[in-house]
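Participant: Structure incoming, see below.
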Amino acid sequence: MAKDVRLIIKGDTRDAETALRELARTGGQAASILEREFQQLGTKSTIAFDNQRKAAQDAYARIKSSGFATADELKRAHKNLGDEMTRIDEEQYGKRTTLAQKFKDNWLNVTAAISAGYMVKNFAESALNEFKQFESALTDMAKVTAQPLGEIKKQIMELPAELGSATELMKGYYEIMSAGVAEPAKAMEMLVTASKAGKAAHIDQKTVVEALTKMMAGFGDKIKSAKEASDLLFTIEKVGQTTFAALAPVIGGLASMSAQLRIMPQEMGGVLAQLTQTAGSTSQAATQFEAIMSGFIKPTKTMAETLKALGYESGQALIGDKGLTGALMAVKTAAESSFGPQGLGKLFESKEALIGLGPLFADSFAKTNQAIKDVGNSAGATDAAFERWKVTLDGVEETFKNTVGKVMIEIGEKLAPTVMSALTGLAKWMTDNKAGIVAFFEGIMAVVNGVAGAINAVAGALKPVTELIYDIVNSDWMKNGGLVGAVSGAISGPSQATAASPSPSGVVDINAPMGTYSMGSWAVGTAYVPRTGLYQLHRGEEVRTRGEVAKGGGGSVTIAPVINISGVSAAGREKTGRELARELLPELQRLAPRFA
């Protein structure tokens, strides 16, 4: 008895075709825009020139295939062909020179042009930036002084370039005013001094300003100018074993304590310089000096009794009369007379004070008194140090840089109104045209979303067919009941068939983001290539052109092989069915991607 088995697979492709046509239309619009742009370049028609190229190639081919041409003749013919091709190209497109050749032939001009371009651009940007910083610093001056800003600007711009950049000087002037030097002439004198000292001492101007103002505040009228204070610090550096930079953080406190005890600036400088010769650091020397002065400011009971025995009511009175070293020698002699060789320890209980006094008393203050004398001759120390720095490479470079900086500020000042006007105009235009700008970007997003929607529509239309094919190929009936069971199980639905599994590995998901795969690959082929690129083809797959796909139309696809099985037993029919299934399975697998 013969039995017919008819297999019919249907899949409506109309939605997919609609989506593909929309995708093609969107892409075509973009292509048309590009095509118009290229047409505007005025490229000549290629038909006539292509005919000339073909004629030249045909002529060479005839010579090459004649069999009579010698090697030299073939060589000349090949050269003539190349020359003719070059001539045609030049006639069609104009004489072209490669970028590399142009650069090689004109490297100096090209380099100069590029450099000039960058130089102009960077110079303008630098000028504006320099002016912006200077203008900001100038505006801040209104916080600390009533002096007209125009007057301040004129004074700063007239200062020598070696003192620092105009912006740096303006910030230094601000610090000085903030420190309480409100009189413009004194503030400017301190600015010049602080700038010289900072350059020569290799420290920032702000640190110098703080040191000088604290020294002058501590000593009051005993230091009459910033220059005198700066000269003293440079001389302490020269006489002692220290630096201006190391003295700057500690000098304010020492000056204040010294003034309380009527110690003169040169005495403080000489003693401190001598202490730095034996102390581990400048800060340790300062600590020892402070401990010695504390012994007079807050005297112990024994010190107070010793001072009274010497005829003085306080350490301040003793130092004011005999000077610092004279006062120290007087109390040392009195203490040893009353308490023996260790009597000094009865007067100064501080360990730091005794450590500092030891080297000072070693030669009865001979070196210390000389140091005080040397520090007293400090006039001009700042100017001398600054002049030495000016002729160094660092000084020359700094002066040049600051000179250019001033020019940049002046140029930036001229450019600033134009830039400000442009920025103001741009801001106003963007405000006035906010709706149009938003609409422009919304339009871009609409195109992007349209393309994405077309791709998703293709995937949605083809998904049911893909799942049907997959269910048939991978169902339990195909594995256990042969082709007949697979078809009947798929048609009868989920109640009899196993639920669909995830897509097999190796099948490219057309919903995946662009760029996810470096090379597309399908396990069993594909009905539609989602984007231009490299793809791996498998045995048995078919490549169709876009035109062939367009002619396919909509509707349904029917596979209707008629299978006649007769004259065999039930076991034979089962065996024959399995053999037929093995024959049909590759065909089903080949067709499946066309619905993917």
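Every chain in the structure tokens has a letter given in the order shown (A, B, ...), and although residue numbers restart at 1 in each chain, ligands are simply numbered from 1 in the order shown.
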Write out as a JSON list (two decimals) with all heavy atoms, in the first residue's frame which residues come within 7 Å of stretch 52-66 of chain A when counting only C-alpha atoms, dropping same-chain ones fewer than 4 positions away.
Facilitator:
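Result saved to part_11.json:
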```json
[["chain", "number", "residue", "atom", "x", "y", "z"],
["A", 48, "ALA", "N", 34.63, 58.37, -22.74],
["A", 48, "ALA", "CA", 35.62, 58.57, -23.82],
["A", 48, "ALA", "C", 37.01, 58.15, -23.38],
["A", 48, "ALA", "O", 37.76, 57.52, -24.14],
["A", 48, "ALA", "CB", 35.62, 60.04, -24.26],
["A", 74, "LEU", "N", 58.85, 44.38, -26.76],
["A", 74, "LEU", "CA", 57.84, 44.20, -25.72],
["A", 74, "LEU", "C", 58.06, 45.18, -24.58],
["A", 74, "LEU", "O", 57.11, 45.74, -24.00],
["A", 74, "LEU", "CB", 57.87, 42.76, -25.19],
["A", 74, "LEU", "CG", 57.26, 41.69, -26.10],
["A", 74, "LEU", "CD1", 57.50, 40.31, -25.51],
["A", 74, "LEU", "CD2", 55.77, 41.92, -26.29],
["A", 77, "ALA", "N", 56.96, 48.55, -25.73],
["A", 77, "ALA", "CA", 55.50, 48.59, -25.82],
["A", 77, "ALA", "C", 54.89, 48.74, -24.43],
["A", 77, "ALA", "O", 53.91, 49.47, -24.24],
["A", 77, "ALA", "CB", 54.98, 47.31, -26.49],
["A", 81, "LEU", "N", 52.68, 51.83, -23.14],
["A", 81, "LEU", "CA", 51.36, 51.66, -22.54],
["A", 81, "LEU", "C", 51.26, 52.46, -21.24],
["A", 81, "LEU", "O", 50.27, 53.15, -21.00],
["A", 81, "LEU", "CB", 51.10, 50.17, -22.26],
["A", 81, "LEU", "CG", 49.80, 49.86, -21.50],
["A", 81, "LEU", "CD1", 48.59, 50.28, -22.33],
["A", 81, "LEU", "CD2", 49.72, 48.38, -21.16],
["A", 85, "MET", "N", 48.74, 55.60, -20.55],
["A", 85, "MET", "CA", 47.81, 55.60, -19.43],
["A", 85, "MET", "C", 47.98, 56.84, -18.56],
["A", 85, "MET", "O", 47.02, 57.45, -18.10],
["A", 85, "MET", "CB", 48.00, 54.34, -18.57],
["A", 85, "MET", "CG", 47.54, 53.06, -19.25],
["A", 85, "MET", "SD", 45.77, 53.10, -19.59],
["A", 85, "MET", "CE", 45.54, 51.47, -20.29]]
```
Participant: Mind checking which residues fall within 8 Å of A:Ala291, counting only C-alpha atoms, ignoring those fewer than 6 positions away in the same chain, and posting them as a list in words?
Facilitator: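 Using only C-alpha atoms, the neighbours found are Ser350, Glu352 and Ala353 of chain A.
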Participant: For A:Ser378, list every protein, DNA or RNA residue within 7 Å, evaluated using only C-alpha atoms, and leave out those in the same chain fewer than 4 positions away; present the list as a CSV table (one decimal) with N, CA, C and O atoms, in the first residue's frame.
Facilitator:
```csv
chain,number,residue,atom,x,y,z
A,231,ASP,N,68.2,92.5,52.3
A,231,ASP,CA,69.6,92.5,52.3
A,231,ASP,C,70.1,91.7,53.6
A,231,ASP,O,71.1,91.0,53.5
A,232,LEU,N,69.4,91.9,54.7
A,232,LEU,CA,69.8,91.2,55.9
A,232,LEU,C,69.7,89.6,55.7
A,232,LEU,O,70.6,88.9,56.1
A,235,THR,N,72.5,88.4,53.6
A,235,THR,CA,73.8,88.4,54.3
A,235,THR,C,73.9,87.3,55.3
A,235,THR,O,75.0,86.7,55.6
```
Participant: Using only C-alpha atoms, what table do you get, as CSV, when you list each residue of stretch 216-287 of chain A with an atom no more than 7 Å from stretch 318-326 of chain A, its nearest pair of atoms, and their distance in Å rounded to one decimal, rows by chain then rising number?
Facilitator:
```
residue,atom,partner,partner_atom,distance
A:Leu261,CA,A:Ile319,CA,6.7
A:Arg262,CA,A:Gly320,CA,5.5
A:Ile263,CA,A:Leu324,CA,6.4
```
Participant: Let me make sure I understand: among A:Arg544, A:Gln277, A:Glu336, A:Leu310, which one has the smallest atom-to-atom distance to A:Ile236 if we use only C-alpha atoms?
Facilitator: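 Ranking A:Arg544, A:Gln277, A:Glu336, A:Leu310 by distance to A:Ile236, first place goes to A:Gln277.
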Participant: Skipping near chain neighbours, those fewer than 3 positions away, what residues fall within 10 Å of A:Met141 using only C-alpha atoms, listed as a list in words?
Facilitator: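 Returned residues: Ser136, Ala137, Leu138, Val144, Thr145, Ala146, Gln147, Pro148, Leu149, Ile152, Met170, Lys171, Tyr173, Tyr174, Glu175, Met177 and Ser178 of chain A.
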